[in-house]
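Engineer: Contents are mmCIF, C-alpha atoms; file name model37.cif:
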```cif
data_model
#
loop_
_atom_site.group_PDB
_atom_site.id
_atom_site.type_symbol
_atom_site.label_atom_id
_atom_site.label_comp_id
_atom_site.auth_asym_id
_atom_site.auth_seq_id
_atom_site.Cartn_x
_atom_site.Cartn_y
_atom_site.Cartn_z
ATOM 1 C CA MET T 1 111.317 31.190 79.944
ATOM 2 C CA SER T 2 112.080 33.375 77.008
ATOM 3 C CA HIS T 3 109.491 35.898 78.273
ATOM 4 C CA VAL T 4 111.012 36.300 81.760
ATOM 5 C CA PRO T 5 113.578 38.981 80.820
ATOM 6 C CA GLN T 6 110.828 40.983 79.132
ATOM 7 C CA ILE T 7 108.573 40.736 82.206
ATOM 8 C CA ARG T 8 111.466 41.748 84.452
ATOM 9 C CA ASP T 9 112.132 44.732 82.217
ATOM 10 C CA LEU T 10 108.475 45.750 82.416
ATOM 11 C CA ILE T 11 108.478 45.425 86.222
ATOM 12 C CA MET T 12 111.674 47.499 86.492
ATOM 13 C CA LYS T 13 110.286 50.219 84.227
ATOM 14 C CA ARG T 14 107.041 50.281 86.221
ATOM 15 C CA ARG T 15 108.965 50.630 89.507
ATOM 16 C CA GLN T 16 111.061 53.462 88.038
ATOM 17 C CA LEU T 17 107.911 55.201 86.821
ATOM 18 C CA MET T 18 106.242 54.865 90.229
ATOM 19 C CA ALA T 19 109.350 56.181 91.954
ATOM 20 C CA SER T 20 109.434 59.117 89.593
ATOM 21 C CA VAL T 21 105.757 59.891 90.216
ATOM 22 C CA GLY T 22 106.306 59.658 93.973
ATOM 23 C CA LEU T 23 109.253 62.058 93.805
ATOM 24 C CA THR T 24 107.243 64.508 91.769
ATOM 25 C CA ALA T 25 104.391 64.374 94.262
ATOM 26 C CA ALA T 26 106.761 64.856 97.178
ATOM 27 C CA THR T 27 108.361 67.825 95.428
ATOM 28 C CA ALA T 28 104.939 69.343 94.871
ATOM 29 C CA VAL T 29 104.116 69.008 98.569
ATOM 30 C CA VAL T 30 107.381 70.737 99.586
ATOM 31 C CA VAL T 31 106.944 73.579 97.095
ATOM 32 C CA GLY T 32 103.344 73.993 98.150
ATOM 33 C CA HIS T 33 104.410 74.198 101.780
ATOM 34 C CA LYS T 34 106.991 76.878 100.992
ATOM 35 C CA ALA T 35 104.424 78.866 99.050
ATOM 36 C CA ALA T 36 102.050 78.717 102.004
ATOM 37 C CA ALA T 37 104.823 79.840 104.367
ATOM 38 C CA ASN T 38 105.669 82.756 102.074
ATOM 39 C CA PRO T 39 102.382 84.356 100.954
ATOM 40 C CA TYR T 40 104.299 87.078 99.062
ATOM 41 C CA ARG T 41 105.816 84.639 96.548
ATOM 42 C CA ALA T 42 103.238 85.594 93.929
ATOM 43 C CA SER T 43 102.920 89.284 94.884
ATOM 44 C CA PRO T 44 105.214 91.776 96.656
ATOM 45 C CA PRO T 45 104.621 92.538 100.350
ATOM 46 C CA SER T 46 102.699 95.612 101.395
ATOM 47 C CA THR T 47 104.676 98.576 102.683
ATOM 48 C CA TRP T 48 103.740 97.749 106.272
ATOM 49 C CA ASP T 49 104.904 94.135 105.953
ATOM 50 C CA ARG T 50 108.062 95.091 104.040
ATOM 51 C CA ILE T 51 109.113 97.488 106.818
ATOM 52 C CA ALA T 52 108.471 94.755 109.382
ATOM 53 C CA LEU T 53 110.454 92.172 107.380
ATOM 54 C CA THR T 54 113.456 94.349 106.527
ATOM 55 C CA ARG T 55 113.440 96.432 109.726
ATOM 56 C CA LYS T 56 114.077 99.478 107.547
ATOM 57 C CA LEU T 57 112.117 102.678 106.833
ATOM 58 C CA ARG T 58 112.984 104.450 103.574
ATOM 59 C CA VAL T 59 112.049 108.121 103.245
ATOM 60 C CA GLY T 60 112.319 110.191 100.071
ATOM 61 C CA ALA T 61 114.037 113.581 100.397
ATOM 62 C CA ALA T 62 114.014 116.493 97.938
ATOM 63 C CA LEU T 63 116.192 119.395 99.028
ATOM 64 C CA LEU T 64 114.202 122.489 100.013
ATOM 65 C CA GLU T 65 114.369 124.403 103.286
ATOM 66 C CA PRO T 66 112.888 124.161 105.837
ATOM 67 C CA TRP T 67 111.579 120.758 104.792
ATOM 68 C CA TYR T 68 114.838 118.964 103.841
ATOM 69 C CA PHE T 69 118.382 120.245 104.252
ATOM 70 C CA LYS T 70 121.593 118.218 103.859
ATOM 71 C CA ASP T 71 124.258 119.631 106.173
ATOM 72 C CA ILE T 72 127.488 118.961 104.267
ATOM 73 C CA LEU T 73 129.487 120.908 106.885
ATOM 74 C CA HIS T 74 128.323 118.558 109.664
ATOM 75 C CA SER T 75 127.917 121.461 112.051
ATOM 76 C CA GLY T 76 127.219 120.622 115.661
ATOM 77 C CA ALA T 77 124.006 122.602 116.210
ATOM 78 C CA PRO T 78 120.999 120.739 117.690
ATOM 79 C CA GLY T 79 118.310 119.311 115.459
ATOM 80 C CA SER T 80 120.426 117.119 113.207
ATOM 81 C CA VAL T 81 119.776 113.562 112.059
ATOM 82 C CA THR T 82 122.714 111.367 111.089
ATOM 83 C CA VAL T 83 121.935 108.648 108.547
ATOM 84 C CA GLY T 84 124.965 106.658 107.461
ATOM 85 C CA THR T 85 127.661 109.232 106.727
ATOM 86 C CA ASP T 86 125.170 112.043 106.004
ATOM 87 C CA MET T 87 123.783 114.682 108.345
ATOM 88 C CA TRP T 88 120.257 115.925 107.675
ATOM 89 C CA ARG T 89 118.233 118.806 109.076
ATOM 90 C CA GLY T 90 114.757 120.188 108.585
ATOM 91 C CA ILE T 91 111.250 119.181 109.570
ATOM 92 C CA CYS T 92 111.014 116.031 107.451
ATOM 93 C CA PRO T 93 114.297 114.269 108.422
ATOM 94 C CA VAL T 94 113.652 114.877 112.125
ATOM 95 C CA LEU T 95 110.076 113.635 111.759
ATOM 96 C CA ALA T 96 111.359 110.581 109.848
ATOM 97 C CA ALA T 97 113.886 109.785 112.578
ATOM 98 C CA ASP T 98 111.180 109.949 115.261
ATOM 99 C CA LEU T 99 108.974 107.728 113.099
ATOM 100 C CA ALA T 100 111.746 105.141 112.722
ATOM 101 C CA ARG T 101 112.346 105.121 116.477
ATOM 102 C CA THR T 102 108.636 104.598 117.106
ATOM 103 C CA LEU T 103 108.618 101.634 114.720
ATOM 104 C CA GLU T 104 111.952 100.381 116.129
ATOM 105 C CA VAL T 105 113.496 100.145 112.657
ATOM 106 C CA ASN T 106 116.493 101.677 110.884
ATOM 107 C CA LEU T 107 116.111 104.863 108.842
ATOM 108 C CA GLU T 108 117.295 105.280 105.263
ATOM 109 C CA ILE T 109 116.969 108.650 103.506
ATOM 110 C CA VAL T 110 116.814 108.409 99.713
ATOM 111 C CA GLU T 111 117.602 111.601 97.804
ATOM 112 C CA THR T 112 115.239 112.493 94.975
ATOM 113 C CA THR T 113 113.782 115.593 93.325
ATOM 114 C CA TRP T 114 110.305 117.067 93.522
ATOM 115 C CA GLY T 115 109.797 116.183 89.879
ATOM 116 C CA ASN T 116 110.707 112.522 90.460
ATOM 117 C CA ALA T 117 109.031 112.127 93.852
ATOM 118 C CA VAL T 118 105.941 110.317 92.559
ATOM 119 C CA THR T 119 107.924 107.971 90.311
ATOM 120 C CA GLY T 120 110.220 107.056 93.194
ATOM 121 C CA LEU T 121 107.224 105.931 95.235
ATOM 122 C CA GLN T 122 105.781 103.944 92.349
ATOM 123 C CA VAL T 123 108.992 101.980 91.743
ATOM 124 C CA GLU T 124 109.436 101.415 95.511
ATOM 125 C CA GLN T 125 112.610 103.455 96.004
ATOM 126 C CA TYR T 126 111.159 104.672 99.304
ATOM 127 C CA ASP T 127 108.099 104.142 101.491
ATOM 128 C CA VAL T 128 106.875 107.690 102.059
ATOM 129 C CA MET T 129 107.398 111.216 100.748
ATOM 130 C CA PHE T 130 106.716 114.090 103.116
ATOM 131 C CA MET T 131 105.661 117.608 102.027
ATOM 132 C CA LEU T 132 104.460 116.584 98.568
ATOM 133 C CA GLU T 133 101.538 118.725 97.448
ATOM 134 C CA SER T 134 98.446 116.591 96.845
ATOM 135 C CA THR T 135 97.428 117.667 93.362
ATOM 136 C CA PRO T 136 94.679 115.759 91.464
ATOM 137 C CA ARG T 137 97.211 114.601 88.872
ATOM 138 C CA ARG T 138 99.521 113.143 91.501
ATOM 139 C CA ALA T 139 96.574 111.488 93.233
ATOM 140 C CA LEU T 140 96.052 109.387 90.107
ATOM 141 C CA ALA T 141 99.463 107.786 90.662
ATOM 142 C CA VAL T 142 99.957 107.682 94.450
ATOM 143 C CA ASP T 143 97.878 107.893 97.618
ATOM 144 C CA PHE T 144 97.879 110.816 100.038
ATOM 145 C CA LEU T 145 97.015 110.775 103.724
ATOM 146 C CA PRO T 146 93.549 112.207 104.423
ATOM 147 C CA VAL T 147 95.213 114.889 106.569
ATOM 148 C CA PRO T 148 98.320 117.007 105.828
ATOM 149 C CA MET T 149 101.361 116.831 108.083
ATOM 150 C CA LEU T 150 101.197 120.628 108.451
ATOM 151 C CA TRP T 151 99.890 123.765 106.770
ATOM 152 C CA TYR T 152 101.940 126.631 105.452
ATOM 153 C CA PRO T 153 100.896 130.028 104.083
ATOM 154 C CA LEU T 154 102.019 131.603 100.837
ATOM 155 C CA GLY T 155 103.916 134.810 101.494
ATOM 156 C CA VAL T 156 105.862 137.490 99.696
ATOM 157 C CA LEU T 157 109.609 137.972 100.056
ATOM 158 C CA ALA T 158 109.463 141.736 99.486
ATOM 159 C CA ASP T 159 111.743 144.747 99.288
ATOM 160 C CA GLU T 160 110.956 148.123 100.865
ATOM 161 C CA SER T 161 108.953 149.262 97.821
ATOM 162 C CA ILE T 162 106.187 146.785 98.659
ATOM 163 C CA SER T 163 103.939 147.696 101.573
ATOM 164 C CA ILE T 164 100.622 145.912 101.186
ATOM 165 C CA ALA T 165 97.888 144.392 103.340
ATOM 166 C CA ARG T 166 96.014 142.294 100.781
ATOM 167 C CA TRP T 167 96.929 140.193 97.763
ATOM 168 C CA SER T 168 94.851 142.446 95.534
ATOM 169 C CA ASP T 169 97.117 145.376 96.496
ATOM 170 C CA LEU T 170 99.782 143.795 94.271
ATOM 171 C CA ASN T 171 97.654 144.538 91.207
ATOM 172 C CA ASN T 172 99.877 147.398 90.110
ATOM 173 C CA SER T 173 102.303 147.716 87.205
ATOM 174 C CA ARG T 174 105.041 149.073 89.484
ATOM 175 C CA TYR T 175 105.419 145.642 91.069
ATOM 176 C CA SER T 176 107.546 142.903 89.528
ATOM 177 C CA LEU T 177 106.759 139.530 91.101
ATOM 178 C CA ALA T 178 108.527 136.191 90.773
ATOM 179 C CA VAL T 179 106.467 132.994 90.983
ATOM 180 C CA ALA T 180 107.084 129.296 90.408
ATOM 181 C CA LEU T 181 106.008 128.318 86.912
ATOM 182 C CA GLY T 182 102.718 126.417 86.865
ATOM 183 C CA SER T 183 102.339 126.422 90.649
ATOM 184 C CA ASN T 184 99.278 127.353 92.673
ATOM 185 C CA SER T 185 100.987 130.663 93.477
ATOM 186 C CA ASP T 186 101.414 131.345 89.739
ATOM 187 C CA GLU T 187 97.717 130.731 89.141
ATOM 188 C CA TYR T 188 96.561 132.801 92.085
ATOM 189 C CA VAL T 189 98.816 135.829 91.574
ATOM 190 C CA THR T 190 97.947 135.902 87.880
ATOM 191 C CA SER T 191 94.246 136.055 88.769
ATOM 192 C CA VAL T 192 94.402 138.691 91.537
ATOM 193 C CA ALA T 193 97.230 140.881 90.190
ATOM 194 C CA PRO T 194 97.050 140.817 86.375
ATOM 195 C CA ARG T 195 98.548 144.306 86.099
ATOM 196 C CA ALA T 196 101.733 143.314 87.913
ATOM 197 C CA ASN T 197 104.796 142.284 85.951
ATOM 198 C CA ILE T 198 104.915 138.542 86.691
ATOM 199 C CA LEU T 199 108.116 136.598 86.025
ATOM 200 C CA ARG T 200 108.003 132.812 86.168
ATOM 201 C CA PHE T 201 110.829 130.554 87.370
ATOM 202 C CA ARG T 202 111.275 126.825 87.834
ATOM 203 C CA SER T 203 112.375 126.758 91.467
ATOM 204 C CA SER T 204 112.350 128.701 94.718
ATOM 205 C CA ALA T 205 116.128 129.114 94.460
ATOM 206 C CA GLU T 206 115.711 130.960 91.139
ATOM 207 C CA ILE T 207 112.995 133.159 92.655
ATOM 208 C CA ILE T 208 115.253 134.127 95.560
ATOM 209 C CA ALA T 209 118.161 134.810 93.178
ATOM 210 C CA ALA T 210 115.949 137.086 91.065
ATOM 211 C CA PHE T 211 114.915 138.984 94.188
ATOM 212 C CA GLN T 212 118.477 139.294 95.454
ATOM 213 C CA SER T 213 119.678 140.657 92.111
ATOM 214 C CA GLY T 214 116.892 143.234 91.989
ATOM 215 C CA ARG T 215 115.116 141.791 88.953
ATOM 216 C CA VAL T 216 111.880 141.674 90.961
ATOM 217 C CA ASN T 217 110.393 143.574 93.893
ATOM 218 C CA GLY T 218 109.053 140.419 95.464
ATOM 219 C CA GLY T 219 108.939 136.665 95.254
ATOM 220 C CA VAL T 220 105.803 134.672 96.027
ATOM 221 C CA ILE T 221 106.928 131.558 97.933
ATOM 222 C CA SER T 222 106.071 129.818 101.178
ATOM 223 C CA ALA T 223 106.297 132.222 104.083
ATOM 224 C CA MET T 224 108.705 129.803 105.785
ATOM 225 C CA ALA T 225 111.113 129.879 102.829
ATOM 226 C CA ALA T 226 110.815 133.675 102.732
ATOM 227 C CA ASP T 227 111.816 133.950 106.407
ATOM 228 C CA ILE T 228 114.904 131.820 105.889
ATOM 229 C CA ALA T 229 115.851 133.575 102.620
ATOM 230 C CA ARG T 230 115.669 137.118 104.014
ATOM 231 C CA VAL T 231 118.023 136.219 106.846
ATOM 232 C CA HIS T 232 120.369 134.283 104.555
ATOM 233 C CA ILE T 233 120.706 137.058 101.941
ATOM 234 C CA GLY T 234 120.524 139.874 104.490
ATOM 235 C CA THR T 235 117.726 141.846 102.889
ATOM 236 C CA GLY T 236 113.961 141.865 102.422
ATOM 237 C CA LYS T 237 110.961 141.205 104.611
ATOM 238 C CA THR T 238 108.239 138.586 104.790
ATOM 239 C CA ILE T 239 104.698 139.757 104.104
ATOM 240 C CA LEU T 240 101.674 137.575 104.749
ATOM 241 C CA PRO T 241 98.897 139.253 102.715
ATOM 242 C CA MET T 242 95.238 138.766 103.484
ATOM 243 C CA PRO T 243 93.332 136.596 102.930
ATOM 244 C CA VAL T 244 95.870 134.084 104.165
ATOM 245 C CA LEU T 245 96.415 131.365 101.577
ATOM 246 C CA SER T 246 97.073 128.107 103.386
ATOM 247 C CA VAL T 247 98.659 125.204 101.522
ATOM 248 C CA PRO T 248 98.539 121.624 102.887
ATOM 249 C CA GLY T 249 101.830 119.783 103.286
ATOM 250 C CA GLY T 250 100.835 116.432 101.837
ATOM 251 C CA VAL T 251 102.203 113.000 102.724
ATOM 252 C CA ALA T 252 102.340 110.536 99.815
ATOM 253 C CA VAL T 253 102.480 106.731 99.893
ATOM 254 C CA ARG T 254 102.087 103.979 97.310
ATOM 255 C CA LYS T 255 98.663 102.827 96.216
ATOM 256 C CA GLU T 256 97.996 99.411 97.769
ATOM 257 C CA GLN T 257 95.122 97.421 99.253
ATOM 258 C CA ASP T 258 96.726 97.089 102.682
ATOM 259 C CA ASN T 259 95.957 100.380 104.463
ATOM 260 C CA ARG T 260 97.875 99.738 107.691
ATOM 261 C CA TRP T 261 100.845 101.922 106.697
ATOM 262 C CA LYS T 262 98.599 104.796 105.570
ATOM 263 C CA GLU T 263 96.476 104.605 108.718
ATOM 264 C CA PHE T 264 99.502 104.527 111.027
ATOM 265 C CA LEU T 265 101.103 107.536 109.306
ATOM 266 C CA THR T 266 97.848 109.467 109.520
ATOM 267 C CA ALA T 267 97.723 108.990 113.288
ATOM 268 C CA PHE T 268 101.439 109.774 113.651
ATOM 269 C CA VAL T 269 101.571 113.084 111.741
ATOM 270 C CA THR T 270 98.224 114.273 113.159
ATOM 271 C CA ARG T 271 99.533 113.865 116.697
ATOM 272 C CA TYR T 272 102.756 115.723 115.866
ATOM 273 C CA TYR T 273 100.870 118.719 114.503
ATOM 274 C CA ASN T 274 98.166 118.845 117.184
ATOM 275 C CA THR T 275 100.610 118.594 120.100
ATOM 276 C CA GLY T 276 102.917 121.320 118.770
ATOM 277 C CA LYS T 277 105.768 118.896 118.145
ATOM 278 C CA MET T 278 105.958 119.937 114.467
ATOM 279 C CA GLU T 279 106.294 123.597 115.465
ATOM 280 C CA GLU T 280 109.033 122.664 117.934
ATOM 281 C CA ILE T 281 111.031 120.884 115.214
ATOM 282 C CA TYR T 282 110.581 123.868 112.903
ATOM 283 C CA ASN T 283 111.742 126.375 115.523
ATOM 284 C CA THR T 284 114.890 124.309 116.107
ATOM 285 C CA PHE T 285 115.698 124.563 112.407
ATOM 286 C CA LEU T 286 115.049 128.323 112.447
ATOM 287 C CA ARG T 287 117.546 128.752 115.288
ATOM 288 C CA TYR T 288 120.086 126.735 113.297
ATOM 289 C CA ARG T 289 119.569 129.152 110.381
ATOM 290 C CA GLY T 290 119.805 132.207 112.646
ATOM 291 C CA VAL T 291 116.138 133.146 112.309
ATOM 292 C CA ASN T 292 114.283 134.502 115.332
ATOM 293 C CA ALA T 293 111.272 132.222 115.726
ATOM 294 C CA ASP T 294 109.334 135.067 117.405
ATOM 295 C CA THR T 295 109.459 137.120 114.191
ATOM 296 C CA ALA T 296 108.973 134.171 111.791
ATOM 297 C CA VAL T 297 105.674 132.908 110.442
ATOM 298 C CA SER T 298 104.345 130.115 112.633
ATOM 299 C CA LEU T 299 103.371 126.627 111.532
ATOM 300 C CA ASN T 300 100.316 127.037 113.744
ATOM 301 C CA ARG T 301 97.459 128.342 111.585
ATOM 302 C CA GLN T 302 95.839 130.049 114.565
ATOM 303 C CA ASP T 303 98.765 132.504 114.616
ATOM 304 C CA TRP T 304 98.548 133.590 110.994
ATOM 305 C CA GLY T 305 96.079 136.354 111.615
ATOM 306 C CA ILE T 306 98.476 137.856 114.194
ATOM 307 C CA LYS T 307 101.984 137.412 112.777
ATOM 308 C CA GLN T 308 102.166 139.604 109.697
#
```
Turn this file's structure into structure tokens for me.

Structural biologist:
Amino acid sequence: MSHVPQIRDLIMKRRQLMASVGLTAATAVVVGHKAAANPYRASPPSTWDRIALTRKLRVGAALLEPWYFKDILHSGAPGSVTVGTDMWRGICPVLAADLARTLEVNLEIVETTWGNAVTGLQVEQYDVMFMLESTPRRALAVDFLPVPMLWYPLGVLADESISIARWSDLNNSRYSLAVALGSNSDEYVTSVAPRANILRFRSSAEIIAAFQSGRVNGGVISAMAADIARVHIGTGKTILPMPVLSVPGGVAVRKEQDNRWKEFLTAFVTRYYNTGKMEEIYNTFLRYRGVNADTAVSLNRQDWGIKQ
């Protein structure tokens, strides 16, 4: 009889152990079920799935006309996109709003800079960046659509002292030209016009300011920016020298194995360019800026040999 309490203790301990094992097994089954229901527990969702889950499209925006313009005056002209308390204009915000409507999701515009655009995509601040030039260095960090959203030509914002037909005509010491430091325009102008006095600046705004102040005869920028600048500052003309230098407006997304987002965007932007919708959006912005679309450089490459 003296062994009965010990046996009872052993039985009780065994039952407690079995109960504990059973609870652990049950917990494992529940956790395993949750993991199966949420396949992104171990890895983040792809961009396509994240947009579907959150019902939100996030677009990066770096201020530069006519691509992105934040209308702080909230003027009532057509072609605006209201996101939260902000009003946006330009090709990219309007395109982004149409994209969000197509996907039936909400639009969020995330302000960034051109210098931080790639990093913002990498750390998932936004899902796409429009009008980002697809350089080899950037392609190491992010993906680009196989087609650009549009093409734009390099032009010259020129004063009356410049009357040229070809880029090589600028190869004269009487011309002072402003270019963006380290850009494709810097490289090209340096190669075709080494005799010109070339001044290098960090942004298009600085180039336009140098032209307005008379420090340079001309600024080499996108022909679209030149059209808007000459109307805004009330002087100058836009020259499209031959041969026309076309630059692709790239669309950047994150690198990921799921290609659904990249493939959908490719189809979307291709249709907008081919149907003339992109040109229509651009012309609306030109009217807002007081630029006559008939005298401005077209987004349609077929027109570049005509509109000079």

Engineer: On this file, the PyMOL selection byres ((chain T and resi 62-73) around 7) gives some set of residues; write that set as a PyMOL selection string.

Structural biologist: chain T and resi 60-61+74-75+87-93+111-114+225

Engineer: Please write as a list in words the full residue list that the PyMOL selection byres ((chain T and resi 122) around 12) yields on this file.

Structural biologist: Thr47, Gly60, Asn116, Ala117, Val118, Thr119, Gly120, Leu121, Val123, Glu124, Gln125, Tyr126, Asp127, Val128, Met129, Arg138, Ala139, Leu140, Ala141, Val142, Asp143, Ala252, Val253, Arg254, Lys255 and Glu256 of chain T

Engineer: Of the residues T:Arg50, T:Arg55, T:Arg260, T:Arg301, which is the one nearest to Arg101 (chain T), using all atoms listed in the file?

Structural biologist: T:Arg55

Engineer: Determine, counting only C-alpha atoms, every residue of protein, DNA or RNA that lies within 12 Å of (120.7, 134.6, 107.3) in the file coordinates, then give the result as an MDAnalysis selection string.

Structural biologist: chainID T and resid 225:236 286:292

Engineer: Hey, can you spit out that residue selection with C-alpha atoms as a PDB file, in the frame of the given file?

Structural biologist:
```
ATOM      1  CA  ALA T 225     111.113 129.879 102.829  1.00  0.00           C
ATOM      2  CA  ALA T 226     110.815 133.675 102.732  1.00  0.00           C
ATOM      3  CA  ASP T 227     111.816 133.950 106.407  1.00  0.00           C
ATOM      4  CA  ILE T 228     114.904 131.820 105.889  1.00  0.00           C
ATOM      5  CA  ALA T 229     115.851 133.575 102.620  1.00  0.00           C
ATOM      6  CA  ARG T 230     115.669 137.118 104.014  1.00  0.00           C
ATOM      7  CA  VAL T 231     118.023 136.219 106.846  1.00  0.00           C
ATOM      8  CA  HIS T 232     120.369 134.283 104.555  1.00  0.00           C
ATOM      9  CA  ILE T 233     120.706 137.058 101.941  1.00  0.00           C
ATOM     10  CA  GLY T 234     120.524 139.874 104.490  1.00  0.00           C
ATOM     11  CA  THR T 235     117.726 141.846 102.889  1.00  0.00           C
ATOM     12  CA  GLY T 236     113.961 141.865 102.422  1.00  0.00           C
ATOM     13  CA  LEU T 286     115.049 128.323 112.447  1.00  0.00           C
ATOM     14  CA  ARG T 287     117.546 128.752 115.288  1.00  0.00           C
ATOM     15  CA  TYR T 288     120.086 126.735 113.297  1.00  0.00           C
ATOM     16  CA  ARG T 289     119.569 129.152 110.381  1.00  0.00           C
ATOM     17  CA  GLY T 290     119.805 132.207 112.646  1.00  0.00           C
ATOM     18  CA  VAL T 291     116.138 133.146 112.309  1.00  0.00           C
ATOM     19  CA  ASN T 292     114.283 134.502 115.332  1.00  0.00           C
TER      20      ASN T 292
END
```

Engineer: Expanded to explicit residues, what is the PyMOL selection byres ((chain T and resi 168) around 9) for this file, as a list in words?

Structural biologist: Ile164, Ala165, Arg166, Trp167, Asp169, Leu170, Asn171, Asn172, Val189, Val192, Ala193, Pro241 and Met242 of chain T

Engineer: Selection from above, C-alpha atoms, as a JSON list (two decimals), in the frame of the given file, can you write it?

Structural biologist:
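Produced file out.json, reproduced below:
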```json
[["chain", "number", "residue", "atom", "x", "y", "z"],
["T", 164, "ILE", "CA", 100.62, 145.91, 101.19],
["T", 165, "ALA", "CA", 97.89, 144.39, 103.34],
["T", 166, "ARG", "CA", 96.01, 142.29, 100.78],
["T", 167, "TRP", "CA", 96.93, 140.19, 97.76],
["T", 169, "ASP", "CA", 97.12, 145.38, 96.50],
["T", 170, "LEU", "CA", 99.78, 143.79, 94.27],
["T", 171, "ASN", "CA", 97.65, 144.54, 91.21],
["T", 172, "ASN", "CA", 99.88, 147.40, 90.11],
["T", 189, "VAL", "CA", 98.82, 135.83, 91.57],
["T", 192, "VAL", "CA", 94.40, 138.69, 91.54],
["T", 193, "ALA", "CA", 97.23, 140.88, 90.19],
["T", 241, "PRO", "CA", 98.90, 139.25, 102.72],
["T", 242, "MET", "CA", 95.24, 138.77, 103.48]]
```

Engineer: Within 6 Å of Trp151 (chain T), counting all atoms listed in the file, which residues qualify if same-chain residues fewer than 5 places away don't, as a PyMOL selection string?

Structural biologist: chain T and resi 247-249

Engineer: If I take CA of Leu99 (chain T) and CA of Glu133 (chain T), how far is one from the other in Å, to one decimal?

Structural biologist: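 Interatomic distance here is 20.5 Å.
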
Engineer: Nearest to Tyr175 (chain T) among T:Thr135, T:Thr190, T:Asn217, T:Ser203, with distances taken over only C-alpha atoms: which residue is it?

Structural biologist: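 Checking each candidate against Tyr175 (chain T), we get T:Asn217 as the closest.
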
Engineer: Using Å and a single decimal, report how far CA of Arg58 (chain T) sits from CA of Ile221 (chain T).

Structural biologist: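 Computed distance, CA of Ile221 (chain T) to CA of Arg58 (chain T), equals 28.3 Å.
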
Engineer: T:Asp258, T:Glu263, T:Glu280, T:Asp294: which is nearest Pro45 (chain T), counting all atoms listed in the file?

Structural biologist: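 Smallest separation from Pro45 (chain T) among the options: T:Asp258.
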
Engineer: Can you fill out region 170-181 of chain T with N, CA, C and O atoms and hand it back as a tab-separated table (two decimals), in the coordinates of the input?

Structural biologist:
```
chain	number	residue	atom	x	y	z
T	170	LEU	N	98.66	144.01	95.19
T	170	LEU	CA	99.78	143.79	94.27
T	170	LEU	C	99.40	144.07	92.82
T	170	LEU	O	100.27	144.03	91.93
T	171	ASN	N	98.13	144.33	92.58
T	171	ASN	CA	97.65	144.54	91.21
T	171	ASN	C	98.04	145.94	90.72
T	171	ASN	O	97.19	146.82	90.52
T	172	ASN	N	99.34	146.10	90.52
T	172	ASN	CA	99.88	147.40	90.11
T	172	ASN	C	101.11	147.16	89.24
T	172	ASN	O	101.95	146.31	89.56
T	173	SER	N	101.21	147.93	88.16
T	173	SER	CA	102.30	147.72	87.20
T	173	SER	C	103.68	148.05	87.79
T	173	SER	O	104.70	147.68	87.20
T	174	ARG	N	103.73	148.74	88.91
T	174	ARG	CA	105.04	149.07	89.48
T	174	ARG	C	105.67	147.88	90.21
T	174	ARG	O	106.83	147.95	90.62
T	175	TYR	N	104.90	146.82	90.38
T	175	TYR	CA	105.42	145.64	91.07
T	175	TYR	C	105.86	144.58	90.07
T	175	TYR	O	105.12	144.24	89.13
T	176	SER	N	107.05	144.06	90.27
T	176	SER	CA	107.55	142.90	89.53
T	176	SER	C	107.60	141.74	90.50
T	176	SER	O	108.30	141.81	91.53
T	177	LEU	N	106.90	140.66	90.18
T	177	LEU	CA	106.76	139.53	91.10
T	177	LEU	C	107.27	138.25	90.47
T	177	LEU	O	106.96	137.95	89.31
T	178	ALA	N	108.03	137.48	91.23
T	178	ALA	CA	108.53	136.19	90.77
T	178	ALA	C	107.67	135.08	91.37
T	178	ALA	O	107.35	135.11	92.57
T	179	VAL	N	107.26	134.14	90.53
T	179	VAL	CA	106.47	132.99	90.98
T	179	VAL	C	107.05	131.72	90.38
T	179	VAL	O	107.83	131.77	89.43
T	180	ALA	N	106.66	130.59	90.95
T	180	ALA	CA	107.08	129.30	90.41
T	180	ALA	C	106.16	128.92	89.25
T	180	ALA	O	104.94	128.92	89.40
T	181	LEU	N	106.76	128.61	88.13
T	181	LEU	CA	106.01	128.32	86.91
T	181	LEU	C	105.01	127.19	87.13
T	181	LEU	O	105.37	126.09	87.58
```
